[in-house]
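Trainee: File work.cif below, mmCIF, C-alpha atoms:
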data_data
loop_
_atom_site.label_atom_id
_atom_site.label_comp_id
_atom_site.auth_asym_id
_atom_site.auth_seq_id
_atom_site.Cartn_x
_atom_site.Cartn_y
_atom_site.Cartn_z
CA MET I 1 -4.17 -15.90 -19.86
CA LYS I 2 -2.22 -12.78 -20.75
CA ASN I 3 -3.51 -9.25 -20.11
CA ASP I 4 -2.58 -6.40 -22.43
CA TYR I 5 0.04 -4.67 -20.27
CA THR I 6 0.86 -1.83 -22.70
CA SER I 7 -0.84 0.87 -20.61
CA PHE I 8 0.51 -0.57 -17.39
CA GLU I 9 4.08 -0.53 -18.68
CA GLU I 10 3.59 3.13 -19.61
CA VAL I 11 2.51 3.84 -16.03
CA LEU I 12 5.53 1.95 -14.70
CA GLY I 13 7.93 3.60 -17.11
CA TYR I 14 9.41 0.15 -17.68
CA LYS I 15 8.99 -2.30 -20.56
CA PHE I 16 9.26 -5.98 -19.66
CA LYS I 17 11.42 -8.30 -21.70
CA ASN I 18 9.35 -11.26 -20.46
CA LEU I 19 5.66 -10.54 -19.78
CA ASP I 20 5.27 -13.91 -18.08
CA TYR I 21 6.70 -12.24 -14.98
CA LEU I 22 3.77 -9.81 -14.92
CA ASP I 23 1.27 -12.62 -15.40
CA VAL I 24 2.59 -14.27 -12.25
CA ALA I 25 2.75 -10.96 -10.37
CA PHE I 26 -0.98 -10.44 -10.93
CA THR I 27 -2.18 -13.99 -10.21
CA HIS I 28 -3.94 -14.36 -6.86
CA LYS I 29 -3.95 -17.77 -5.17
CA SER I 30 -7.75 -17.94 -5.48
CA TYR I 31 -7.40 -17.90 -9.29
CA VAL I 32 -4.85 -20.70 -9.15
CA ASN I 33 -7.18 -22.80 -7.00
CA GLU I 34 -10.07 -22.27 -9.41
CA SER I 35 -8.09 -22.61 -12.64
CA LYS I 36 -7.39 -25.81 -14.55
CA GLU I 37 -4.22 -24.29 -15.99
CA ASP I 38 -0.74 -25.10 -14.68
CA ILE I 39 -0.02 -21.69 -13.14
CA ILE I 40 1.41 -20.24 -9.94
CA SER I 41 0.30 -17.36 -7.73
CA TYR I 42 2.19 -14.18 -6.91
CA GLU I 43 3.07 -15.28 -3.36
CA ARG I 44 6.74 -16.08 -4.07
CA TYR I 45 7.14 -12.81 -6.00
CA GLU I 46 5.58 -10.96 -3.09
CA PHE I 47 8.06 -12.61 -0.73
CA LEU I 48 10.96 -11.52 -2.92
CA GLY I 49 9.53 -8.04 -3.47
CA ASP I 50 9.05 -7.51 0.26
CA ALA I 51 12.73 -8.20 0.94
CA ILE I 52 13.87 -5.96 -1.93
CA LEU I 53 11.54 -3.19 -0.78
CA GLN I 54 12.91 -3.28 2.77
CA PHE I 55 16.46 -3.01 1.44
CA ILE I 56 15.80 -0.18 -1.04
CA VAL I 57 13.79 1.90 1.43
CA SER I 58 16.29 1.31 4.24
CA LYS I 59 19.21 2.37 2.04
CA GLU I 60 17.42 5.46 0.77
CA LEU I 61 16.36 6.62 4.23
CA PHE I 62 19.88 5.97 5.58
CA LEU I 63 21.37 8.20 2.86
CA ARG I 64 18.65 10.84 2.85
CA TYR I 65 18.44 11.39 6.61
CA PRO I 66 21.98 11.21 8.08
CA ASP I 67 20.86 12.84 11.36
CA LYS I 68 17.99 10.47 12.18
CA SER I 69 18.51 7.74 14.77
CA GLU I 70 17.96 4.03 14.14
CA GLY I 71 14.61 4.25 15.91
CA GLU I 72 13.47 7.21 13.83
CA LEU I 73 14.51 5.50 10.60
CA THR I 74 12.65 2.34 11.63
CA LYS I 75 9.43 4.26 12.29
CA LEU I 76 9.74 6.14 9.03
CA ARG I 77 10.30 2.93 7.09
CA ALA I 78 7.29 1.35 8.79
CA SER I 79 5.09 4.21 7.58
CA LEU I 80 6.32 3.85 4.03
CA VAL I 81 6.01 0.08 3.65
CA CYS I 82 2.75 -0.43 5.55
CA GLU I 83 -0.40 -1.86 3.94
CA TYR I 84 -2.18 1.47 3.87
CA THR I 85 0.56 3.35 2.02
CA LEU I 86 1.29 0.63 -0.53
CA SER I 87 -2.38 -0.10 -1.24
CA GLN I 88 -3.10 3.60 -1.75
CA ILE I 89 -0.39 3.73 -4.41
CA THR I 90 -1.55 0.65 -6.30
CA ARG I 91 -5.19 1.73 -6.04
CA ASP I 92 -4.40 5.17 -7.46
CA PHE I 93 -2.49 3.67 -10.40
CA GLY I 94 -5.00 0.93 -11.22
CA PHE I 95 -2.93 -2.17 -10.39
CA GLY I 96 -6.11 -4.02 -9.45
CA ASP I 97 -7.40 -3.78 -13.03
CA TYR I 98 -4.86 -6.43 -14.08
CA LEU I 99 -5.46 -8.84 -11.22
CA TYR I 100 -6.44 -12.47 -11.86
CA LEU I 101 -8.94 -13.53 -9.18
CA SER I 102 -11.39 -16.35 -8.68
CA HIS I 103 -15.00 -15.49 -9.47
CA GLY I 104 -15.93 -15.49 -5.79
CA GLU I 105 -13.01 -13.28 -4.76
CA GLU I 106 -13.79 -10.81 -7.52
CA MET I 107 -17.48 -10.66 -6.61
CA THR I 108 -16.61 -9.79 -3.00
CA GLY I 109 -14.43 -6.81 -4.01
CA GLY I 110 -11.00 -8.41 -4.14
CA LYS I 111 -9.71 -6.00 -6.76
CA ASN I 112 -10.11 -3.13 -4.31
CA ARG I 113 -9.09 -4.94 -1.11
CA SER I 114 -6.21 -3.16 0.60
CA SER I 115 -4.40 -6.33 1.66
CA ILE I 116 -4.35 -7.64 -1.93
CA LEU I 117 -3.40 -4.26 -3.41
CA CYS I 118 -0.50 -4.05 -0.95
CA ASP I 119 0.63 -7.51 -2.09
CA LEU I 120 0.60 -6.30 -5.71
CA PHE I 121 3.06 -3.49 -4.99
CA GLU I 122 5.54 -6.09 -3.74
CA SER I 123 4.81 -8.79 -6.35
CA VAL I 124 5.27 -6.31 -9.20
CA LEU I 125 8.53 -5.18 -7.59
CA GLY I 126 9.63 -8.82 -7.52
CA ALA I 127 8.71 -9.19 -11.19
CA ILE I 128 10.66 -6.07 -12.17
CA TYR I 129 13.71 -7.30 -10.27
CA LEU I 130 13.57 -10.70 -11.98
CA ASP I 131 13.15 -9.11 -15.41
CA GLY I 132 15.42 -6.08 -15.15
CA GLY I 133 17.59 -6.29 -12.04
CA ILE I 134 18.09 -4.13 -8.96
CA GLU I 135 18.51 -0.82 -10.78
CA GLU I 136 15.06 -1.07 -12.38
CA ALA I 137 13.63 -2.21 -9.05
CA GLU I 138 15.06 0.90 -7.38
CA LYS I 139 13.58 3.15 -10.08
CA TYR I 140 10.15 1.64 -9.40
CA VAL I 141 10.37 2.22 -5.65
CA GLN I 142 11.74 5.72 -6.12
CA LYS I 143 8.96 6.66 -8.54
CA PHE I 144 5.99 5.27 -6.67
CA LEU I 145 6.98 5.30 -3.00
CA LEU I 146 9.96 7.51 -2.22
CA THR I 147 8.30 10.76 -3.23
CA ASP I 148 6.52 13.06 -0.79
CA ILE I 149 8.00 11.11 2.12
CA GLU I 150 6.99 13.79 4.61
CA HIS I 151 3.29 13.28 3.91
CA LYS I 152 3.57 9.50 3.93
CA SER I 153 5.61 9.52 7.14
CA THR I 154 2.72 10.93 9.17
CA PHE I 155 0.77 7.67 8.91
CA TYR I 156 2.67 5.75 11.58
CA ASP I 157 1.96 8.41 14.26
CA ALA I 158 -1.18 9.89 12.68
CA LYS I 159 -3.43 9.58 15.73
CA SER I 160 -0.95 11.12 18.17
CA ILE I 161 0.02 13.88 15.70
CA LEU I 162 -3.61 14.80 15.14
CA GLN I 163 -4.42 14.67 18.85
CA GLU I 164 -1.54 17.01 19.72
CA TYR I 165 -2.63 19.41 17.00
CA VAL I 166 -6.27 19.47 18.10
CA GLN I 167 -5.37 19.84 21.79
CA SER I 168 -3.01 22.72 20.97
CA LYS I 169 -6.07 24.51 19.56
CA GLY I 170 -8.10 23.76 22.67
CA GLY I 171 -10.27 21.27 20.82
CA LYS I 172 -11.58 17.78 21.48
CA ILE I 173 -11.04 14.79 19.20
CA GLU I 174 -13.00 11.53 19.11
CA TYR I 175 -13.27 8.49 16.83
CA ARG I 176 -16.63 6.94 16.04
CA LEU I 177 -17.20 3.52 14.51
CA VAL I 178 -19.72 4.04 11.71
CA ASP I 179 -19.81 0.65 9.96
CA THR I 180 -18.69 -2.96 10.20
CA THR I 181 -18.87 -5.27 7.19
CA GLY I 182 -17.72 -8.72 6.14
CA PRO I 183 -17.71 -12.15 7.83
CA GLU I 184 -16.38 -12.55 11.35
CA HIS I 185 -13.00 -13.87 10.18
CA ASN I 186 -12.51 -10.98 7.72
CA ARG I 187 -14.17 -7.89 9.16
CA THR I 188 -13.74 -4.40 7.74
CA TYR I 189 -14.28 -1.48 10.07
CA GLU I 190 -15.03 2.12 9.12
CA SER I 191 -14.40 4.98 11.55
CA VAL I 192 -14.73 8.74 11.33
CA VAL I 193 -12.71 11.48 13.05
CA THR I 194 -14.82 13.98 14.98
CA ILE I 195 -13.27 17.27 16.07
CA ASP I 196 -15.39 19.49 18.33
CA GLY I 197 -18.48 17.61 17.25
CA VAL I 198 -17.78 17.98 13.50
CA ASP I 199 -17.12 14.90 11.36
CA TYR I 200 -13.96 14.99 9.28
CA GLU I 201 -12.41 12.12 7.30
CA LYS I 202 -13.35 8.42 7.38
CA GLY I 203 -11.00 5.46 7.28
CA THR I 204 -11.37 1.71 6.85
CA GLY I 205 -9.25 -1.19 8.05
CA HIS I 206 -9.30 -4.79 9.25
CA THR I 207 -9.10 -3.56 12.85
CA LYS I 208 -10.74 -0.61 14.58
CA LYS I 209 -7.29 0.80 15.32
CA MET I 210 -6.28 0.68 11.65
CA ALA I 211 -9.55 2.34 10.60
CA GLU I 212 -8.92 5.15 13.09
CA GLN I 213 -5.32 5.55 11.96
CA VAL I 214 -6.38 5.84 8.31
CA ALA I 215 -9.06 8.38 9.24
CA ALA I 216 -6.52 10.40 11.24
CA HIS I 217 -4.00 10.39 8.40
CA ARG I 218 -6.60 11.56 5.90
CA THR I 219 -7.68 14.31 8.28
CA ILE I 220 -4.09 15.51 8.67
CA ILE I 221 -3.78 15.76 4.90
CA LYS I 222 -7.11 17.59 4.64
CA LEU I 223 -6.18 20.07 7.38
CA ASN I 224 -2.76 20.49 5.72
CA PHE I 225 -0.70 21.24 8.79
CA ASP I 226 2.91 20.31 9.52
CA ASN I 227 3.55 17.86 12.35
#
The structure given in the file should be rewritten as structure tokens.
Mentor:
Amino acid sequence: MKNDYTSFEEVLGYKFKNLDYLDVAFTHKSYVNESKEDIISYERYEFLGDAILQFIVSKELFLRYPDKSEGELTKLRASLVCEYTLSQITRDFGFGDYLYLSHGEEMTGGKNRSSILCDLFESVLGAIYLDGGIEEAEKYVQKFLLTDIEHKSTFYDAKSILQEYVQSKGGKIEYRLVDTTGPEHNRTYESVVTIDGVDYEKGTGHTKKMAEQVAAHRTIIKLNFDN
């Protein structure tokens, strides 16, 4: 079943002693259900990776921002470990290329689905921890997540930040739903930000609110202003 992980390890900056950990980290439950092999999915690795991620990010924010309150640190952490942020990282670095999916899941775009790509960030973290320990796990989180925190931190409050900015310029902001796809139990919404009648960035999500939040965050980055 093994992928060739040479290029992926170069991206990670980490060489696995046991590549079986990566095989598990990239195995979706749909592949397990379809396969006749005796294999397991990444769900337990994701569970472990999620807990490790919360700890590493919490510790780093605690040390990096000694003047922030508990509430401020909680909001900042939420922005960093949310589905949107983690899936953007794994999408940019091609994690989905190594994913084992069922035929049906792959045909419906599973390798680019944000919820799955978010899972992969955490399952790979779990695999690195199991193979190399907490120090290597911290290096992974530092490299891929704990850079450019200021930009990433705008996601949690993106809509309110953008609204305050537009109103300070005397403008009007609206969100328009432009597309809805997928079955009723797994809908994907696409919304666009409109400022003074001009369309800016689009965003997608499993709820209208998430689609608007993604669109707002992308617009903030495009406009390149400080919140």
Trainee: Name the residues, using the chain letters and numbers of the file, that sit within 6 Å of (15.0, 4.9, 8.4) when counting only C-alpha atoms, and give them as an MDAnalysis selection string.
Mentor: chainID I and resid 58 61:62 73:74 76:77
Trainee: Might you spell out which residues the PyMOL selection byres ((chain I and resi 216) around 9) would select in the displayed file, as JSON, numbers by chain?
Mentor: {"I": [155, 158, 159, 160, 161, 162, 163, 175, 192, 193, 200, 201, 202, 203, 211, 212, 213, 214, 215, 217, 218, 219, 220, 221]}
Trainee: Which residues are close to Ile128 (chain I), i.e. within 8 Å by only C-alpha atoms, leaving aside same-chain residues fewer than 3 positions away? Reply as a list in words.
Mentor: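 Contacts, in chain order: Phe16, Tyr21, Val124, Leu125, Asp131, Gly132, Gly133, Glu136 and Ala137 of chain I.
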Trainee: Next, the residues of the selection above should be written as a compact mmCIF listing (two decimals), in the frame of the given file with C-alpha atoms.
Mentor:
# COMPACT_ATOMS: atom_id res chain seq x y z
CA PHE I 16 9.26 -5.98 -19.66
CA TYR I 21 6.70 -12.24 -14.98
CA VAL I 124 5.27 -6.31 -9.20
CA LEU I 125 8.53 -5.18 -7.59
CA ASP I 131 13.15 -9.11 -15.41
CA GLY I 132 15.42 -6.08 -15.15
CA GLY I 133 17.59 -6.29 -12.04
CA GLU I 136 15.06 -1.07 -12.38
CA ALA I 137 13.63 -2.21 -9.05
Trainee: Name all residues at most 12 Å from Ile116 (chain I) (count all atoms listed in the file; drop same-chain ones fewer than 2 positions away) and give them as a PyMOL selection string.
Mentor: chain I and resi 25-30+42-43+46+83-84+86-88+90-91+95-96+99-101+105-106+109-114+118-123
Trainee: Need to verify the contact set: Leu177 (chain I), 8 Å, all atoms listed in the file, exclusion of same-chain residues closer than 6 positions in sequence. Can you return it as a PyMOL selection string?
Mentor: chain I and resi 189-192+208
Trainee: Could you tell me which of I:Ser153, I:Asp50, I:His103, I:Tyr31 comes closest to Glu72 (chain I) if we count all atoms listed in the file?
Mentor: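 Of all the options, I:Ser153 lies closest to Glu72 (chain I).
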Trainee: Taking all atoms listed in the file into account, name the residue in I:Asp20, I:Leu80, I:Leu130, I:Ala51 that is nearest to Lys2 (chain I).
Mentor: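 Checking each candidate against Lys2 (chain I), we get I:Asp20 as the closest.
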